[in-house]
Each structure stands twice: as structure tokens, then as C-alpha cells.
>>> print(open('data.txt').read())   # compact mmCIF, N, CA and C atoms
# COMPACT_ATOMS: atom_id res chain seq x y z
N ALA A 1 29.01 5.61 34.05
CA ALA A 1 28.36 5.06 35.23
C ALA A 1 27.25 5.98 35.73
N SER A 2 27.48 7.29 35.68
CA SER A 2 26.45 8.22 36.17
C SER A 2 25.22 8.19 35.26
N ALA A 3 25.39 7.96 33.96
CA ALA A 3 24.25 7.86 33.05
C ALA A 3 23.41 6.63 33.40
N VAL A 4 24.06 5.53 33.75
CA VAL A 4 23.34 4.31 34.12
C VAL A 4 22.58 4.55 35.42
N ARG A 5 23.24 5.15 36.43
CA ARG A 5 22.59 5.43 37.72
C ARG A 5 21.40 6.36 37.56
N SER A 6 21.52 7.35 36.67
CA SER A 6 20.47 8.35 36.49
C SER A 6 19.41 7.91 35.48
N ASP A 7 19.62 6.74 34.89
CA ASP A 7 18.71 6.22 33.86
C ASP A 7 18.58 7.23 32.71
N GLU A 8 19.72 7.75 32.28
CA GLU A 8 19.78 8.74 31.21
C GLU A 8 20.51 8.14 30.01
N ALA A 9 20.27 8.73 28.86
CA ALA A 9 20.99 8.32 27.65
C ALA A 9 22.41 8.86 27.73
N ALA A 10 23.32 8.23 27.00
CA ALA A 10 24.71 8.68 26.98
C ALA A 10 25.18 8.80 25.54
N LEU A 11 25.98 9.81 25.29
CA LEU A 11 26.59 10.00 23.98
C LEU A 11 28.08 9.75 24.15
N LEU A 12 28.59 8.74 23.48
CA LEU A 12 30.00 8.42 23.56
C LEU A 12 30.68 8.87 22.27
N VAL A 13 31.77 9.60 22.42
CA VAL A 13 32.49 10.14 21.28
C VAL A 13 33.93 9.68 21.39
N GLY A 14 34.49 9.27 20.28
CA GLY A 14 35.90 8.86 20.28
C GLY A 14 36.27 8.22 18.97
N ASP A 15 37.54 7.89 18.86
CA ASP A 15 38.03 7.27 17.63
C ASP A 15 37.40 5.91 17.40
N THR A 16 37.35 5.52 16.14
CA THR A 16 36.82 4.21 15.76
C THR A 16 37.70 3.11 16.34
N GLY A 17 37.05 2.06 16.83
CA GLY A 17 37.79 0.88 17.29
C GLY A 17 38.36 0.98 18.68
N THR A 18 37.93 1.95 19.50
CA THR A 18 38.49 2.09 20.85
C THR A 18 37.67 1.34 21.89
N GLY A 19 36.54 0.70 21.49
CA GLY A 19 35.78 -0.14 22.41
C GLY A 19 34.57 0.52 23.05
N LYS A 20 34.14 1.66 22.56
CA LYS A 20 32.99 2.37 23.16
C LYS A 20 31.74 1.47 23.14
N THR A 21 31.43 0.92 22.01
CA THR A 21 30.23 0.09 21.86
C THR A 21 30.35 -1.18 22.71
N THR A 22 31.51 -1.80 22.68
CA THR A 22 31.72 -3.04 23.43
C THR A 22 31.53 -2.82 24.93
N VAL A 23 32.06 -1.73 25.46
CA VAL A 23 31.93 -1.43 26.90
C VAL A 23 30.46 -1.25 27.27
N VAL A 24 29.75 -0.47 26.48
CA VAL A 24 28.34 -0.21 26.78
C VAL A 24 27.52 -1.50 26.66
N GLN A 25 27.78 -2.32 25.67
CA GLN A 25 27.06 -3.59 25.53
C GLN A 25 27.36 -4.51 26.71
N HIS A 26 28.59 -4.50 27.19
CA HIS A 26 28.96 -5.32 28.34
C HIS A 26 28.23 -4.83 29.60
N ILE A 27 28.19 -3.53 29.80
CA ILE A 27 27.46 -2.97 30.97
C ILE A 27 25.99 -3.34 30.87
N GLY A 28 25.42 -3.22 29.68
CA GLY A 28 24.01 -3.58 29.49
C GLY A 28 23.76 -5.04 29.82
N HIS A 29 24.67 -5.91 29.37
CA HIS A 29 24.55 -7.34 29.66
C HIS A 29 24.62 -7.61 31.17
N LEU A 30 25.58 -6.97 31.86
CA LEU A 30 25.73 -7.15 33.31
C LEU A 30 24.48 -6.69 34.07
N LEU A 31 23.86 -5.61 33.59
CA LEU A 31 22.67 -5.07 34.27
C LEU A 31 21.37 -5.69 33.77
N GLY A 32 21.47 -6.54 32.74
CA GLY A 32 20.26 -7.16 32.19
C GLY A 32 19.38 -6.14 31.47
N ARG A 33 19.98 -5.13 30.88
CA ARG A 33 19.25 -4.06 30.21
C ARG A 33 19.47 -4.14 28.70
N GLU A 34 18.45 -3.74 27.97
CA GLU A 34 18.58 -3.67 26.52
C GLU A 34 19.42 -2.45 26.15
N VAL A 35 20.34 -2.63 25.23
CA VAL A 35 21.20 -1.54 24.78
C VAL A 35 20.87 -1.26 23.32
N LEU A 36 20.53 -0.01 23.04
CA LEU A 36 20.29 0.41 21.67
C LEU A 36 21.50 1.19 21.20
N VAL A 37 22.07 0.77 20.09
CA VAL A 37 23.28 1.39 19.58
C VAL A 37 22.95 2.12 18.29
N TYR A 38 23.30 3.39 18.24
CA TYR A 38 23.16 4.20 17.04
C TYR A 38 24.53 4.71 16.66
N ASN A 39 24.99 4.36 15.50
CA ASN A 39 26.29 4.82 15.03
C ASN A 39 26.10 6.03 14.13
N PHE A 40 26.70 7.14 14.51
CA PHE A 40 26.62 8.38 13.75
C PHE A 40 28.01 8.81 13.31
N ASN A 41 28.03 9.69 12.32
CA ASN A 41 29.27 10.30 11.89
C ASN A 41 28.99 11.74 11.50
N GLU A 42 29.97 12.41 10.91
CA GLU A 42 29.81 13.82 10.57
C GLU A 42 28.68 14.06 9.58
N GLN A 43 28.37 13.07 8.76
CA GLN A 43 27.32 13.22 7.75
C GLN A 43 25.93 12.84 8.28
N SER A 44 25.84 12.36 9.50
CA SER A 44 24.55 11.94 10.05
C SER A 44 23.62 13.13 10.21
N GLU A 45 22.34 12.90 9.98
CA GLU A 45 21.34 13.96 10.11
C GLU A 45 20.30 13.55 11.14
N SER A 46 19.62 14.54 11.67
CA SER A 46 18.61 14.27 12.71
C SER A 46 17.51 13.36 12.20
N THR A 47 17.20 13.39 10.91
CA THR A 47 16.13 12.55 10.37
C THR A 47 16.45 11.06 10.50
N GLU A 48 17.74 10.73 10.61
CA GLU A 48 18.11 9.33 10.81
C GLU A 48 17.67 8.82 12.17
N LEU A 49 17.54 9.72 13.12
CA LEU A 49 17.15 9.34 14.48
C LEU A 49 15.66 9.55 14.73
N ILE A 50 15.15 10.69 14.30
CA ILE A 50 13.75 11.01 14.63
C ILE A 50 12.80 10.83 13.46
N GLY A 51 13.32 10.53 12.28
CA GLY A 51 12.47 10.35 11.11
C GLY A 51 12.27 11.65 10.37
N GLY A 52 11.59 11.57 9.27
CA GLY A 52 11.35 12.75 8.46
C GLY A 52 10.26 12.47 7.46
N PHE A 53 10.03 13.43 6.62
CA PHE A 53 9.00 13.28 5.60
C PHE A 53 9.64 12.85 4.29
N ARG A 54 8.92 12.05 3.56
CA ARG A 54 9.37 11.68 2.23
C ARG A 54 8.17 11.78 1.30
N PRO A 55 8.39 12.06 0.05
CA PRO A 55 7.27 12.24 -0.87
C PRO A 55 6.48 10.94 -1.04
N VAL A 56 5.19 11.09 -1.17
CA VAL A 56 4.31 9.95 -1.37
C VAL A 56 3.73 10.06 -2.77
N ASP A 57 3.71 8.96 -3.48
CA ASP A 57 3.13 8.93 -4.82
C ASP A 57 1.63 8.70 -4.67
N VAL A 58 0.89 9.80 -4.64
CA VAL A 58 -0.56 9.73 -4.42
C VAL A 58 -1.24 8.95 -5.54
N THR A 59 -0.78 9.16 -6.77
CA THR A 59 -1.39 8.48 -7.90
C THR A 59 -1.24 6.98 -7.76
N MET A 60 -0.04 6.53 -7.43
CA MET A 60 0.20 5.09 -7.28
C MET A 60 -0.65 4.52 -6.16
N HIS A 61 -0.78 5.27 -5.07
CA HIS A 61 -1.59 4.82 -3.95
C HIS A 61 -3.05 4.64 -4.38
N LEU A 62 -3.59 5.64 -5.07
CA LEU A 62 -4.98 5.56 -5.52
C LEU A 62 -5.18 4.44 -6.53
N MET A 63 -4.25 4.29 -7.46
CA MET A 63 -4.37 3.23 -8.47
C MET A 63 -4.28 1.85 -7.83
N SER A 64 -3.43 1.70 -6.82
CA SER A 64 -3.33 0.41 -6.11
C SER A 64 -4.63 0.09 -5.41
N GLU A 65 -5.20 1.08 -4.76
CA GLU A 65 -6.47 0.90 -4.07
C GLU A 65 -7.58 0.54 -5.07
N LEU A 66 -7.59 1.24 -6.20
CA LEU A 66 -8.58 0.97 -7.25
C LEU A 66 -8.43 -0.44 -7.79
N MET A 67 -7.21 -0.85 -8.11
CA MET A 67 -6.98 -2.19 -8.66
C MET A 67 -7.38 -3.28 -7.67
N ALA A 68 -7.07 -3.09 -6.41
CA ALA A 68 -7.41 -4.10 -5.40
C ALA A 68 -8.93 -4.24 -5.29
N ALA A 69 -9.63 -3.11 -5.22
CA ALA A 69 -11.09 -3.15 -5.09
C ALA A 69 -11.72 -3.71 -6.36
N PHE A 70 -11.21 -3.28 -7.51
CA PHE A 70 -11.73 -3.77 -8.79
C PHE A 70 -11.57 -5.28 -8.90
N THR A 71 -10.37 -5.78 -8.64
CA THR A 71 -10.10 -7.21 -8.78
C THR A 71 -11.00 -8.03 -7.85
N ALA A 72 -11.17 -7.56 -6.62
CA ALA A 72 -12.00 -8.29 -5.65
C ALA A 72 -13.44 -8.42 -6.13
N VAL A 73 -14.04 -7.31 -6.58
CA VAL A 73 -15.45 -7.37 -6.99
C VAL A 73 -15.59 -8.02 -8.36
N PHE A 74 -14.59 -7.87 -9.22
CA PHE A 74 -14.64 -8.50 -10.54
C PHE A 74 -14.73 -10.01 -10.39
N GLU A 75 -13.89 -10.56 -9.50
CA GLU A 75 -13.85 -12.01 -9.31
C GLU A 75 -15.13 -12.55 -8.67
N LYS A 76 -15.86 -11.69 -7.96
CA LYS A 76 -17.15 -12.11 -7.40
C LYS A 76 -18.25 -12.09 -8.46
N THR A 77 -18.04 -11.30 -9.50
CA THR A 77 -19.07 -11.08 -10.50
C THR A 77 -18.87 -11.92 -11.75
N PHE A 78 -17.63 -12.08 -12.19
CA PHE A 78 -17.33 -12.73 -13.46
C PHE A 78 -16.34 -13.87 -13.29
N SER A 79 -16.25 -14.70 -14.31
CA SER A 79 -15.29 -15.80 -14.32
C SER A 79 -13.90 -15.24 -14.61
N ARG A 80 -12.99 -15.56 -13.75
CA ARG A 80 -11.62 -15.10 -13.93
C ARG A 80 -11.00 -15.78 -15.15
N ARG A 81 -11.30 -17.05 -15.33
CA ARG A 81 -10.74 -17.82 -16.44
C ARG A 81 -11.22 -17.27 -17.79
N LYS A 82 -12.51 -16.98 -17.88
CA LYS A 82 -13.07 -16.48 -19.14
C LYS A 82 -12.61 -15.06 -19.47
N ASN A 83 -12.18 -14.33 -18.47
CA ASN A 83 -11.78 -12.94 -18.67
C ASN A 83 -10.29 -12.71 -18.43
N ALA A 84 -9.51 -13.76 -18.59
CA ALA A 84 -8.08 -13.70 -18.29
C ALA A 84 -7.37 -12.62 -19.11
N LYS A 85 -7.71 -12.49 -20.40
CA LYS A 85 -7.04 -11.50 -21.25
C LYS A 85 -7.34 -10.08 -20.77
N LEU A 86 -8.57 -9.84 -20.41
CA LEU A 86 -8.97 -8.52 -19.93
C LEU A 86 -8.25 -8.18 -18.62
N LEU A 87 -8.21 -9.13 -17.70
CA LEU A 87 -7.53 -8.91 -16.43
C LEU A 87 -6.03 -8.72 -16.63
N GLU A 88 -5.46 -9.45 -17.57
CA GLU A 88 -4.03 -9.31 -17.85
C GLU A 88 -3.73 -7.94 -18.44
N ARG A 89 -4.62 -7.44 -19.28
CA ARG A 89 -4.42 -6.10 -19.85
C ARG A 89 -4.44 -5.05 -18.74
N ALA A 90 -5.41 -5.17 -17.84
CA ALA A 90 -5.50 -4.22 -16.73
C ALA A 90 -4.25 -4.31 -15.86
N ARG A 91 -3.81 -5.52 -15.55
CA ARG A 91 -2.61 -5.71 -14.74
C ARG A 91 -1.39 -5.14 -15.44
N SER A 92 -1.29 -5.38 -16.73
CA SER A 92 -0.16 -4.87 -17.50
C SER A 92 -0.14 -3.34 -17.51
N ASP A 93 -1.30 -2.72 -17.70
CA ASP A 93 -1.38 -1.25 -17.66
C ASP A 93 -0.99 -0.73 -16.28
N PHE A 94 -1.42 -1.45 -15.24
CA PHE A 94 -1.09 -1.03 -13.87
C PHE A 94 0.42 -1.10 -13.64
N VAL A 95 1.02 -2.23 -13.97
CA VAL A 95 2.45 -2.42 -13.73
C VAL A 95 3.28 -1.40 -14.52
N ALA A 96 2.84 -1.11 -15.75
CA ALA A 96 3.57 -0.15 -16.61
C ALA A 96 3.18 1.30 -16.29
N ARG A 97 2.26 1.48 -15.36
CA ARG A 97 1.79 2.81 -14.96
C ARG A 97 1.18 3.59 -16.13
N ARG A 98 0.48 2.85 -16.98
CA ARG A 98 -0.26 3.49 -18.07
C ARG A 98 -1.64 3.85 -17.55
N TRP A 99 -1.68 4.92 -16.75
CA TRP A 99 -2.91 5.27 -16.04
C TRP A 99 -4.09 5.58 -16.96
N PRO A 100 -3.93 6.37 -18.03
CA PRO A 100 -5.09 6.64 -18.88
C PRO A 100 -5.70 5.37 -19.46
N SER A 101 -4.86 4.46 -19.92
CA SER A 101 -5.35 3.20 -20.48
C SER A 101 -6.04 2.36 -19.41
N LEU A 102 -5.43 2.27 -18.24
CA LEU A 102 -6.02 1.52 -17.13
C LEU A 102 -7.38 2.09 -16.74
N LEU A 103 -7.44 3.41 -16.61
CA LEU A 103 -8.70 4.05 -16.21
C LEU A 103 -9.79 3.84 -17.26
N GLN A 104 -9.40 3.84 -18.53
CA GLN A 104 -10.38 3.62 -19.60
C GLN A 104 -10.93 2.19 -19.53
N VAL A 105 -10.04 1.22 -19.39
CA VAL A 105 -10.46 -0.18 -19.32
C VAL A 105 -11.37 -0.41 -18.11
N LEU A 106 -10.90 0.02 -16.94
CA LEU A 106 -11.68 -0.22 -15.72
C LEU A 106 -13.00 0.55 -15.73
N GLY A 107 -12.97 1.78 -16.25
CA GLY A 107 -14.19 2.58 -16.31
C GLY A 107 -15.27 1.91 -17.14
N GLY A 108 -14.88 1.36 -18.28
CA GLY A 108 -15.84 0.66 -19.13
C GLY A 108 -16.43 -0.56 -18.44
N ILE A 109 -15.59 -1.30 -17.76
CA ILE A 109 -16.06 -2.52 -17.06
C ILE A 109 -17.00 -2.14 -15.91
N VAL A 110 -16.64 -1.10 -15.17
CA VAL A 110 -17.47 -0.66 -14.05
C VAL A 110 -18.85 -0.25 -14.56
N ASP A 111 -18.89 0.56 -15.61
CA ASP A 111 -20.17 1.03 -16.14
C ASP A 111 -21.04 -0.13 -16.64
N LYS A 112 -20.44 -1.06 -17.41
CA LYS A 112 -21.19 -2.22 -17.92
C LYS A 112 -21.69 -3.11 -16.79
N SER A 113 -20.85 -3.30 -15.79
CA SER A 113 -21.24 -4.15 -14.66
C SER A 113 -22.44 -3.57 -13.93
N LEU A 114 -22.40 -2.26 -13.68
CA LEU A 114 -23.52 -1.61 -12.99
C LEU A 114 -24.78 -1.65 -13.84
N GLN A 115 -24.66 -1.47 -15.15
CA GLN A 115 -25.82 -1.56 -16.04
C GLN A 115 -26.42 -2.96 -16.02
N ASN A 116 -25.56 -3.97 -16.12
CA ASN A 116 -26.04 -5.36 -16.14
C ASN A 116 -26.71 -5.75 -14.82
N LEU A 117 -26.12 -5.32 -13.71
CA LEU A 117 -26.68 -5.67 -12.41
C LEU A 117 -27.98 -4.92 -12.12
N ALA A 118 -28.17 -3.76 -12.76
CA ALA A 118 -29.40 -3.00 -12.57
C ALA A 118 -30.56 -3.59 -13.37
N ASP A 119 -30.25 -4.45 -14.32
CA ASP A 119 -31.27 -5.10 -15.14
C ASP A 119 -32.18 -5.95 -14.25
N PRO A 120 -33.50 -5.81 -14.37
CA PRO A 120 -34.43 -6.57 -13.53
C PRO A 120 -34.21 -8.09 -13.61
N LEU A 121 -33.84 -8.58 -14.78
CA LEU A 121 -33.58 -10.02 -14.93
C LEU A 121 -32.39 -10.45 -14.08
N ALA A 122 -31.31 -9.64 -14.10
CA ALA A 122 -30.12 -9.96 -13.29
C ALA A 122 -30.47 -9.91 -11.82
N GLN A 123 -31.28 -8.95 -11.43
CA GLN A 123 -31.66 -8.83 -10.02
C GLN A 123 -32.51 -10.01 -9.57
N SER A 124 -33.39 -10.48 -10.46
CA SER A 124 -34.23 -11.61 -10.06
C SER A 124 -33.42 -12.90 -9.98
N THR A 125 -32.38 -13.02 -10.83
CA THR A 125 -31.55 -14.23 -10.78
C THR A 125 -30.56 -14.21 -9.63
N LYS A 126 -29.97 -13.05 -9.39
CA LYS A 126 -28.92 -12.97 -8.36
C LYS A 126 -29.47 -12.57 -7.00
N GLY A 127 -30.64 -11.96 -6.95
CA GLY A 127 -31.28 -11.61 -5.69
C GLY A 127 -30.45 -10.68 -4.83
N VAL A 128 -30.27 -11.08 -3.56
CA VAL A 128 -29.53 -10.27 -2.59
C VAL A 128 -28.09 -10.05 -3.04
N LYS A 129 -27.54 -11.06 -3.71
CA LYS A 129 -26.16 -10.94 -4.18
C LYS A 129 -26.03 -9.76 -5.15
N ALA A 130 -27.05 -9.54 -5.99
CA ALA A 130 -27.00 -8.42 -6.94
C ALA A 130 -26.91 -7.10 -6.19
N THR A 131 -27.68 -6.94 -5.13
CA THR A 131 -27.66 -5.70 -4.35
C THR A 131 -26.29 -5.47 -3.74
N GLN A 132 -25.69 -6.52 -3.20
CA GLN A 132 -24.37 -6.42 -2.60
C GLN A 132 -23.32 -6.08 -3.67
N LEU A 133 -23.42 -6.74 -4.82
CA LEU A 133 -22.47 -6.48 -5.90
C LEU A 133 -22.60 -5.05 -6.42
N ILE A 134 -23.83 -4.56 -6.52
CA ILE A 134 -24.03 -3.18 -6.97
C ILE A 134 -23.32 -2.22 -6.02
N ALA A 135 -23.47 -2.45 -4.72
CA ALA A 135 -22.82 -1.58 -3.72
C ALA A 135 -21.29 -1.63 -3.88
N GLU A 136 -20.75 -2.81 -4.11
CA GLU A 136 -19.31 -2.95 -4.27
C GLU A 136 -18.82 -2.30 -5.56
N TRP A 137 -19.59 -2.46 -6.64
CA TRP A 137 -19.21 -1.82 -7.90
C TRP A 137 -19.30 -0.31 -7.77
N GLN A 138 -20.24 0.18 -7.00
CA GLN A 138 -20.35 1.63 -6.79
C GLN A 138 -19.14 2.16 -6.03
N GLN A 139 -18.63 1.37 -5.09
CA GLN A 139 -17.41 1.77 -4.38
C GLN A 139 -16.23 1.84 -5.35
N VAL A 140 -16.16 0.87 -6.25
CA VAL A 140 -15.09 0.88 -7.26
C VAL A 140 -15.26 2.10 -8.16
N GLN A 141 -16.51 2.42 -8.49
CA GLN A 141 -16.78 3.59 -9.32
C GLN A 141 -16.31 4.89 -8.64
N GLU A 142 -16.53 4.98 -7.34
CA GLU A 142 -16.05 6.16 -6.59
C GLU A 142 -14.52 6.23 -6.60
N LEU A 143 -13.87 5.10 -6.39
CA LEU A 143 -12.40 5.06 -6.44
C LEU A 143 -11.92 5.44 -7.85
N HIS A 144 -12.63 4.97 -8.85
CA HIS A 144 -12.28 5.29 -10.24
C HIS A 144 -12.37 6.79 -10.48
N SER A 145 -13.41 7.42 -9.94
CA SER A 145 -13.57 8.86 -10.10
C SER A 145 -12.42 9.64 -9.41
N LYS A 146 -12.05 9.19 -8.21
CA LYS A 146 -10.93 9.84 -7.50
C LYS A 146 -9.63 9.67 -8.28
N ALA A 147 -9.40 8.44 -8.75
CA ALA A 147 -8.17 8.16 -9.48
C ALA A 147 -8.14 8.93 -10.81
N SER A 148 -9.29 9.10 -11.44
CA SER A 148 -9.35 9.84 -12.71
C SER A 148 -9.02 11.30 -12.49
N ALA A 149 -9.40 11.84 -11.36
CA ALA A 149 -9.11 13.24 -11.06
C ALA A 149 -7.62 13.48 -10.86
N VAL A 150 -6.91 12.45 -10.41
CA VAL A 150 -5.48 12.59 -10.13
C VAL A 150 -4.64 12.08 -11.32
N GLY A 151 -5.03 10.92 -11.86
CA GLY A 151 -4.22 10.27 -12.89
C GLY A 151 -4.59 10.74 -14.24
>>> encode(input="data.txt", output="C-alpha cells")
Amino acid sequence: ASAVRSDEAALLVGDTGTGKTTVVQHIGHLLGREVLVYNFNEQSESTELIGGFRPVDVTMHLMSELMAAFTAVFEKTFSRRKNAKLLERARSDFVARRWPSLLQVLGGIVDKSLQNLADPLAQSTKGVKATQLIAEWQQVQELHSKASAVG
């Protein structure tokens, strides 16, 4: 009762099944207050309550970012249907985490795309779209360089 009056948290300790949680939930219901219940035991650690650090797979993060950017600009530039085998190979390498193979495939496509879009004929046919696509392919190229340094 004093914890409720003081608007303070309370730690209830006792044997399992004695009604600690039920009593607190009932008081919360009577007062119209939200009750947060955390069940701890001897093996509980502070990270369960306040959080903690966990390892991050930097390579996977970079490769995911690269694949997303690549796929988006690829579909703006080329026919997905005509290039289904190529896209499936890239997807398969990504899923299997075959980073060297994936980087080789994507690197070749990025370089060829930038070469083709830099061609004066392509620029005259695509106009403003060519300039935008070049910028997007250059972003993919930068991601490719970062991913190559890690993967």
C-alpha cells in the first residue's frame, strides 16, 4: 500500500503460487492503473530488464543494404523477366551467404550499367532518366565498395 501511495515500484518476493501477482493486478485494476509484471528467478540477469549488447553481423547488414539498393535500381534499368536467371543467381548467392560470388556478380553488373548509361546514345535516348539512373548506380557502386572491404 505504501508503494502505491508513494507512486514507487515494488519488489514482491515469496514462494510460487502464493498470489503476489494476482494481488498486485487486482490493486491495479481497482485503481485503474497499468500493472507491469516482471517474473524473475535466481538465474535472472540485469540485461533482461535493462537490455544489453548483442553482436551484430556487419557483413550481413551491408550485403542486405547492397542487395536492396541493387535490386531497386536494376528493376528501373532492365527487364526483370529477361534477367530472371541473373537475379536468381544473385539472390541465391545472397541467401547462401556466398559473398565473394555475390560481389563478383553485382560488381560486373554495376560496372556495365554505368558504362552503358555513360554512352552518349543512351543519354540521348533516356535523357533525364539516364542522369538519375547513373546517380543511383553510383550509390550501389559505393555500397559495393564498402561491402567488398568487409566481405
>>> axis_aligned_box(input="data.txt", around="region 136-150 of chain A", padding_each_side="5 Å", output="lines of an AutoDock Vina configuration file")
center_x = -12.7
center_y = 5.3
center_z = -8.4
size_x = 26.1
size_y = 26.4
size_z = 18.6
>>> select_by_dssp(input="data.txt", residues="region 42-115 of chain A", states="helix (DSSP H, G or I)", output="ChimeraX atom specification")
/A:47-50,58-77,84-95,99-115
>>> residues_around(input="data.txt", residues="region 126-140 of chain A", least_positions_apart="3", cutoff="7 Å", atoms="only N, CA and C atoms", output="ChimeraX atom specification")
/A:66,69-70,73,110,114,117,121-123,143-145
>>> atom_distance(input="data.txt", atom1="CA of Ala90 (chain A)", atom2="CA of Leu106 (chain A)")
7.4 Å
>>> atom_distance(input="data.txt", atom1="CA of Ala3 (chain A)", atom2="CA of Gly52 (chain A)")
28.2 Å
>>> residues_around(input="data.txt", residues="Val37 (chain A)", least_positions_apart="3", cutoff="8 Å", atoms="all atoms listed in the file", output="ChimeraX atom specification")
/A:21,34,40
>>> atom_distance(input="data.txt", atom1="atom C of Ile109 (chain A)", atom2="CA of Val56 (chain A)")
28.5 Å
>>> closest_residue(input="data.txt", among="A:Gln141, A:Ser44, A:Gln115, A:Ser2", to="Leu103 (chain A)", atoms="only C-alpha atoms")
A:Gln141
>>> closest_residue(input="data.txt", among="A:Gly17, A:Val58, A:Thr47, A:Leu36", to="Val150 (chain A)", atoms="only N, CA and C atoms")
A:Val58
